[in-house]
Amino acid sequence: MEFVISYDMRAPKFGASIHELYAAALDQCAWADDIGFDAVGLGEHHGATDGYLPSPIPMAAAIAGRTRRITLRPNVLLAPLYEPIKLAEDLAVLQTLSQGRLEVVIGAGYRPSEFAMFGKRREDRKVLYMNAFDVLRKAWTGETFEYEGREVTVTPVPDPPPRLLLGGSHPAVAKRAAKIADGFYPPGGENWDVYRDACLELGKPDPGKVFKKLGPIYTHVSRDPDADWERIGPHAAHVMQSYSDWTIEAYGRAAGPFAAGVDIADLRASGAYQVLRPDAAVEMIRGLGRDRTFILTPLLGGLDPALSWAGLRLFEEEVWPHVRDLQGERHI
């Protein structure tokens, strides 16, 4: 099992202040590093009214300065929106700063307004992210190469270069990941078999039969789950409503889990948002099994840091000792 702590830094007006949230996120990443979590996940979106994290690279750099072992995983980094040479430099510095702990999940993006904000066309996103992969690979050799008629040399040379994963769920993306990426990141494990078959056909190492797909979106450990859900529910609803609005922007209708609308009671009943007593949390996590990813999103939708910390401390004291054996051997 992989244990991940994740942040998108939403700060809606009814939640905690953005300054409180950023300070808490850094402290909580240090906590996750200390107790032995595997990775920090960082989202990326632009022009969001609630302040959704637009800059995962400097955020990851700040986290690198507060941690020693944990993997830094921008997930996903919207490569089509970046100038690729500068992206190569910034990621090289981050990899050097973190002493090799960077793993980047590159995504295509989907919101038209984000592409417009950066003077890009959504229709070009595949070409743009494939170009980013190509530029990053060349840039991190340290050798001078030609890009759009210019000579380019990127330093420092990251050693080793960051792992580049391709995020997505479509079969075509799975096949593309086998060709151009160091790995494939489908959150629900979609088309992992397609990716594996493509890797084997290309003569690449077997990535394994199973992807550690995500468990519940949110878990909070509590002495009084009903009372805490009263405080957490509006934040969960805000997150779901925001994603629903974005899928409508992109596709003309609410898609996937957002299609049914947003109701706080339904969100809790869905199982995606878990507020549990310690013994129930242990049972839930162990029930996921070793081949899954358990994720904590403690500042969900701008949640009060004090409440999130109460859940994390209870997790550390009464849950972590009973589930840590699921983790297996850490790579960093």
# chains A, B, ... in the order shown; residues from 1 in each chain; ligands from 1

call {"tool": "select_by_dssp", "arguments": {"residues": "region 40-265 of chain A", "states": "strand (DSSP E)", "output": "JSON, numbers by chain"}}
result
{"A": [40, 41, 42, 71, 72, 73, 74, 75, 76, 77, 78, 103, 104, 105, 106, 107, 145, 146, 147, 150, 151, 152, 163, 164, 165, 166, 167, 183, 184, 185, 218, 219, 220, 221]}

call {"tool": "write_last_selection", "arguments": {"atoms": "N, CA and C atoms", "output": "mmCIF file, in the first residue's frame"}}
result
data_model
loop_
_atom_site.group_PDB
_atom_site.id
_atom_site.type_symbol
_atom_site.label_atom_id
_atom_site.label_comp_id
_atom_site.auth_asym_id
_atom_site.auth_seq_id
_atom_site.Cartn_x
_atom_site.Cartn_y
_atom_site.Cartn_z
ATOM 1 N N VAL A 40 3.796 13.104 -1.231
ATOM 2 C CA VAL A 40 2.930 14.281 -1.165
ATOM 3 C C VAL A 40 2.399 14.531 -2.570
ATOM 4 N N GLY A 41 1.079 14.593 -2.705
ATOM 5 C CA GLY A 41 0.463 14.908 -3.986
ATOM 6 C C GLY A 41 0.034 16.362 -4.037
ATOM 7 N N LEU A 42 0.251 17.023 -5.167
ATOM 8 C CA LEU A 42 -0.100 18.439 -5.328
ATOM 9 C C LEU A 42 -0.876 18.627 -6.628
ATOM 10 N N THR A 71 8.422 11.394 -1.168
ATOM 11 C CA THR A 71 8.395 11.719 -2.588
ATOM 12 C C THR A 71 7.517 12.936 -2.840
ATOM 13 N N LEU A 72 7.981 13.834 -3.695
ATOM 14 C CA LEU A 72 7.226 15.024 -4.081
ATOM 15 C C LEU A 72 6.579 14.735 -5.430
ATOM 16 N N ARG A 73 5.253 14.776 -5.473
ATOM 17 C CA ARG A 73 4.554 14.322 -6.674
ATOM 18 C C ARG A 73 3.520 15.353 -7.143
ATOM 19 N N PRO A 74 3.898 16.337 -7.945
ATOM 20 C CA PRO A 74 2.887 17.161 -8.615
ATOM 21 C C PRO A 74 1.974 16.245 -9.436
ATOM 22 N N ASN A 75 0.673 16.318 -9.149
ATOM 23 C CA ASN A 75 -0.246 15.335 -9.720
ATOM 24 C C ASN A 75 -1.652 15.940 -9.852
ATOM 25 N N VAL A 76 -1.920 16.484 -11.041
ATOM 26 C CA VAL A 76 -1.071 16.437 -12.218
ATOM 27 C C VAL A 76 -0.496 17.824 -12.490
ATOM 28 N N LEU A 77 0.649 17.824 -13.176
ATOM 29 C CA LEU A 77 1.239 19.059 -13.646
ATOM 30 C C LEU A 77 0.764 19.275 -15.087
ATOM 31 N N LEU A 78 0.173 20.446 -15.335
ATOM 32 C CA LEU A 78 -0.456 20.718 -16.632
ATOM 33 C C LEU A 78 0.587 21.223 -17.624
ATOM 34 N N GLU A 103 8.818 13.237 -8.497
ATOM 35 C CA GLU A 103 8.131 12.375 -9.460
ATOM 36 C C GLU A 103 6.963 13.179 -10.013
ATOM 37 N N VAL A 104 6.958 13.411 -11.316
ATOM 38 C CA VAL A 104 5.988 14.319 -11.920
ATOM 39 C C VAL A 104 4.958 13.540 -12.729
ATOM 40 N N VAL A 105 3.684 13.751 -12.408
ATOM 41 C CA VAL A 105 2.605 13.181 -13.214
ATOM 42 C C VAL A 105 2.111 14.282 -14.151
ATOM 43 N N ILE A 106 2.348 14.098 -15.426
ATOM 44 C CA ILE A 106 1.971 15.103 -16.417
ATOM 45 C C ILE A 106 0.568 14.814 -16.927
ATOM 46 N N GLY A 107 -0.233 15.867 -16.963
ATOM 47 C CA GLY A 107 -1.597 15.744 -17.456
ATOM 48 C C GLY A 107 -1.846 16.689 -18.610
ATOM 49 N N PHE A 145 21.082 21.423 -27.248
ATOM 50 C CA PHE A 145 20.234 20.908 -28.324
ATOM 51 C C PHE A 145 19.495 22.069 -28.960
ATOM 52 N N GLU A 146 18.900 21.805 -30.095
ATOM 53 C CA GLU A 146 18.180 22.851 -30.810
ATOM 54 C C GLU A 146 16.686 22.741 -30.526
ATOM 55 N N TYR A 147 16.101 23.883 -30.225
ATOM 56 C CA TYR A 147 14.664 23.923 -29.980
ATOM 57 C C TYR A 147 14.089 25.156 -30.679
ATOM 58 N N ARG A 150 16.609 27.538 -31.895
ATOM 59 C CA ARG A 150 17.513 28.150 -30.910
ATOM 60 C C ARG A 150 18.376 27.075 -30.270
ATOM 61 N N GLU A 151 19.597 27.439 -29.893
ATOM 62 C CA GLU A 151 20.440 26.533 -29.122
ATOM 63 C C GLU A 151 20.083 26.656 -27.647
ATOM 64 N N VAL A 152 19.903 25.524 -26.997
ATOM 65 C CA VAL A 152 19.441 25.504 -25.606
ATOM 66 C C VAL A 152 20.347 24.603 -24.782
ATOM 67 N N ARG A 163 11.399 11.286 -12.452
ATOM 68 C CA ARG A 163 10.533 10.348 -13.163
ATOM 69 C C ARG A 163 9.353 11.121 -13.739
ATOM 70 N N LEU A 164 9.011 10.813 -14.974
ATOM 71 C CA LEU A 164 7.892 11.450 -15.653
ATOM 72 C C LEU A 164 6.811 10.414 -15.911
ATOM 73 N N LEU A 165 5.666 10.588 -15.272
ATOM 74 C CA LEU A 165 4.525 9.710 -15.477
ATOM 75 C C LEU A 165 3.494 10.446 -16.314
ATOM 76 N N LEU A 166 2.689 9.707 -17.033
ATOM 77 C CA LEU A 166 1.599 10.300 -17.793
ATOM 78 C C LEU A 166 0.295 9.960 -17.102
ATOM 79 N N GLY A 167 -0.462 10.981 -16.736
ATOM 80 C CA GLY A 167 -1.737 10.766 -16.073
ATOM 81 C C GLY A 167 -2.871 10.683 -17.073
ATOM 82 N N GLY A 183 6.120 5.938 -16.533
ATOM 83 C CA GLY A 183 5.042 5.249 -15.850
ATOM 84 C C GLY A 183 3.707 5.828 -16.262
ATOM 85 N N PHE A 184 2.658 5.167 -15.842
ATOM 86 C CA PHE A 184 1.283 5.554 -16.153
ATOM 87 C C PHE A 184 0.558 5.763 -14.842
ATOM 88 N N TYR A 185 -0.259 6.832 -14.760
ATOM 89 C CA TYR A 185 -0.947 7.137 -13.505
ATOM 90 C C TYR A 185 -2.441 7.318 -13.772
ATOM 91 N N TYR A 218 -11.312 11.040 0.730
ATOM 92 C CA TYR A 218 -11.056 11.783 1.963
ATOM 93 C C TYR A 218 -11.316 10.870 3.145
ATOM 94 N N THR A 219 -10.401 10.891 4.117
ATOM 95 C CA THR A 219 -10.605 10.166 5.366
ATOM 96 C C THR A 219 -10.209 11.079 6.524
ATOM 97 N N HIS A 220 -11.083 11.150 7.516
ATOM 98 C CA HIS A 220 -10.817 11.916 8.725
ATOM 99 C C HIS A 220 -11.121 11.011 9.906
ATOM 100 N N VAL A 221 -10.192 10.934 10.843
ATOM 101 C CA VAL A 221 -10.370 10.092 12.023
ATOM 102 C C VAL A 221 -10.892 10.965 13.159
#

call {"tool": "residues_around", "arguments": {"residues": "region 129-134 of chain A", "least_positions_apart": "6", "cutoff": "6 Å", "atoms": "only C-alpha atoms", "output": "compact mmCIF listing (two decimals) with C-alpha atoms, in the first residue's frame"}}
result
# COMPACT_ATOMS: atom_id res chain seq x y z
CA ALA A 79 2.53 20.65 -18.97
CA PRO A 80 0.66 22.05 -22.02
CA PRO A 84 8.96 23.79 -21.85

call {"tool": "closest_residue", "arguments": {"among": "A:Val275, A:Leu214, A:Val127, A:Ile70", "to": "Ile35 (chain A)", "atoms": "only C-alpha atoms"}}
result
A:Ile70

call {"tool": "select_by_dssp", "arguments": {"residues": "region 235-280 of chain A", "states": "alpha helix (DSSP H)", "output": "list in words"}}
result
His235, Ala236, Ala237, His238, Val239, Met240, Gln241, Ser242, Tyr243, Ser244, Asp245, Trp246, Thr247, Ile248, Glu249, Ala250, Tyr251, Ile264, Ala265, Asp266, Leu267, Arg268, Ala269, Ser270, Pro278, Asp279 and Ala280 of chain A

call {"tool": "residues_around", "arguments": {"residues": "Arg137 (chain A)", "least_positions_apart": "5", "cutoff": "12 Å", "atoms": "only C-alpha atoms", "output": "ChimeraX atom specification"}}
result
/A:84-85,87-89,91-92,130-132,142-143,145,154,157-158,160-164,180-182

call {"tool": "residues_around", "arguments": {"residues": "Ser17 (chain A)", "least_positions_apart": "3", "cutoff": "10 Å", "atoms": "only C-alpha atoms", "output": "list in words"}}
result
Arg10, Ala11, Pro12, Lys13, Phe14, Glu20, Leu21, Tyr22, Gly302, Leu303, Asp304 and Pro305 of chain A

call {"tool": "write_last_selection", "arguments": {"atoms": "C-alpha atoms", "output": "mmCIF file, in the first residue's frame"}}
result
data_model
loop_
_atom_site.group_PDB
_atom_site.id
_atom_site.type_symbol
_atom_site.label_atom_id
_atom_site.label_comp_id
_atom_site.auth_asym_id
_atom_site.auth_seq_id
_atom_site.Cartn_x
_atom_site.Cartn_y
_atom_site.Cartn_z
ATOM 1 C CA ARG A 10 -8.534 25.593 -1.995
ATOM 2 C CA ALA A 11 -9.481 28.504 0.227
ATOM 3 C CA PRO A 12 -13.197 29.312 -0.235
ATOM 4 C CA LYS A 13 -14.508 32.352 1.618
ATOM 5 C CA PHE A 14 -16.323 30.269 4.239
ATOM 6 C CA GLU A 20 -3.400 29.600 7.597
ATOM 7 C CA LEU A 21 -3.814 26.861 5.007
ATOM 8 C CA TYR A 22 -0.397 27.242 3.413
ATOM 9 C CA GLY A 302 -10.274 24.997 3.080
ATOM 10 C CA LEU A 303 -11.068 22.992 6.233
ATOM 11 C CA ASP A 304 -10.083 24.490 9.591
ATOM 12 C CA PRO A 305 -6.466 23.413 10.196
#

call {"tool": "residues_around", "arguments": {"residues": "Ile264 (chain A)", "least_positions_apart": "6", "cutoff": "9 Å", "atoms": "only C-alpha atoms", "output": "CSV table (one decimal) with N, CA and C atoms, in the first residue's frame"}}
result
chain,number,residue,atom,x,y,z
A,233,GLY,N,-18.7,18.4,5.9
A,233,GLY,CA,-19.6,18.3,4.8
A,233,GLY,C,-19.6,19.4,3.8
A,234,PRO,N,-19.8,20.7,4.3
A,234,PRO,CA,-19.8,21.8,3.4
A,234,PRO,C,-18.6,22.0,2.5
A,236,ALA,N,-16.6,19.4,1.6
A,236,ALA,CA,-16.7,18.3,0.6
A,236,ALA,C,-17.6,18.7,-0.5
A,237,ALA,N,-18.7,19.3,-0.2
A,237,ALA,CA,-19.7,19.8,-1.2
A,237,ALA,C,-19.1,20.8,-2.1

call {"tool": "residues_around", "arguments": {"residues": "Gly215 (chain A)", "least_positions_apart": "3", "cutoff": "8 Å", "atoms": "only C-alpha atoms", "output": "number ranges by chain"}}
result
A: 288, 292-295

call {"tool": "write_last_selection", "arguments": {"atoms": "N, CA and C atoms", "output": "mmCIF file, in the first residue's frame"}}
result
data_model
loop_
_atom_site.group_PDB
_atom_site.id
_atom_site.type_symbol
_atom_site.label_atom_id
_atom_site.label_comp_id
_atom_site.auth_asym_id
_atom_site.auth_seq_id
_atom_site.Cartn_x
_atom_site.Cartn_y
_atom_site.Cartn_z
ATOM 1 N N LEU A 288 -8.811 -2.335 2.312
ATOM 2 C CA LEU A 288 -8.374 -1.937 0.973
ATOM 3 C C LEU A 288 -7.337 -2.903 0.424
ATOM 4 N N ARG A 292 -3.292 -0.962 -3.023
ATOM 5 C CA ARG A 292 -4.091 0.252 -3.134
ATOM 6 C C ARG A 292 -3.279 1.441 -2.650
ATOM 7 N N THR A 293 -3.809 2.622 -2.878
ATOM 8 C CA THR A 293 -3.225 3.859 -2.353
ATOM 9 C C THR A 293 -4.197 4.456 -1.357
ATOM 10 N N PHE A 294 -3.720 4.710 -0.157
ATOM 11 C CA PHE A 294 -4.531 5.396 0.854
ATOM 12 C C PHE A 294 -4.118 6.855 0.874
ATOM 13 N N ILE A 295 -5.106 7.739 0.793
ATOM 14 C CA ILE A 295 -4.810 9.160 0.656
ATOM 15 C C ILE A 295 -5.459 9.964 1.778
#

call {"tool": "atom_distance", "arguments": {"atom1": "CA of Ala198 (chain A)", "atom2": "CA of Ala177 (chain A)"}}
result
8.8 Å

call {"tool": "residues_around", "arguments": {"residues": "Asp8 (chain A)", "least_positions_apart": "3", "cutoff": "9 Å", "atoms": "only C-alpha atoms", "output": "ChimeraX atom specification"}}
result
/A:41-45,51-54,56,297,299-301

call {"tool": "write_last_selection", "arguments": {"atoms": "C-alpha atoms", "output": "tab-separated table (two decimals), in the first residue's frame"}}
result
chain	number	residue	atom	x	y	z
A	41	GLY	CA	0.46	14.91	-3.99
A	42	LEU	CA	-0.10	18.44	-5.33
A	43	GLY	CA	-2.85	19.47	-7.73
A	44	GLU	CA	-2.80	22.27	-10.29
A	45	HIS	CA	-5.54	24.50	-11.70
A	51	GLY	CA	-7.45	29.85	-4.99
A	52	TYR	CA	-6.83	26.26	-6.10
A	53	LEU	CA	-3.06	25.77	-6.25
A	54	PRO	CA	-1.77	27.21	-9.55
A	56	PRO	CA	2.87	23.17	-7.67
A	297	THR	CA	-6.49	15.26	2.15
A	299	LEU	CA	-7.25	20.55	4.38
A	300	LEU	CA	-10.14	19.50	2.13
A	301	GLY	CA	-11.86	22.54	0.65

call {"tool": "closest_residue", "arguments": {"among": "A:Asp159, A:Ile248, A:Trp320, A:Leu312", "to": "Glu283 (chain A)", "atoms": "only C-alpha atoms"}}
result
A:Trp320

call {"tool": "closest_residue", "arguments": {"among": "A:Leu296, A:Val319, A:Ala265, A:Ala227", "to": "Gln28 (chain A)", "atoms": "only C-alpha atoms"}}
result
A:Leu296

call {"tool": "closest_residue", "arguments": {"among": "A:Leu267, A:Leu102, A:Val210, A:Leu128", "to": "Val194 (chain A)", "atoms": "only C-alpha atoms"}}
result
A:Val210

call {"tool": "atom_distance", "arguments": {"atom1": "CA of Arg69 (chain A)", "atom2": "CA of Ser98 (chain A)"}}
result
8.9 Å

call {"tool": "atom_distance", "arguments": {"atom1": "CA of Asp27 (chain A)", "atom2": "CA of Gly311 (chain A)"}}
result
14.3 Å

call {"tool": "closest_residue", "arguments": {"among": "A:Ala250, A:Leu276, A:Gly328, A:Glu316", "to": "Ser113 (chain A)", "atoms": "only C-alpha atoms"}}
result
A:Ala250
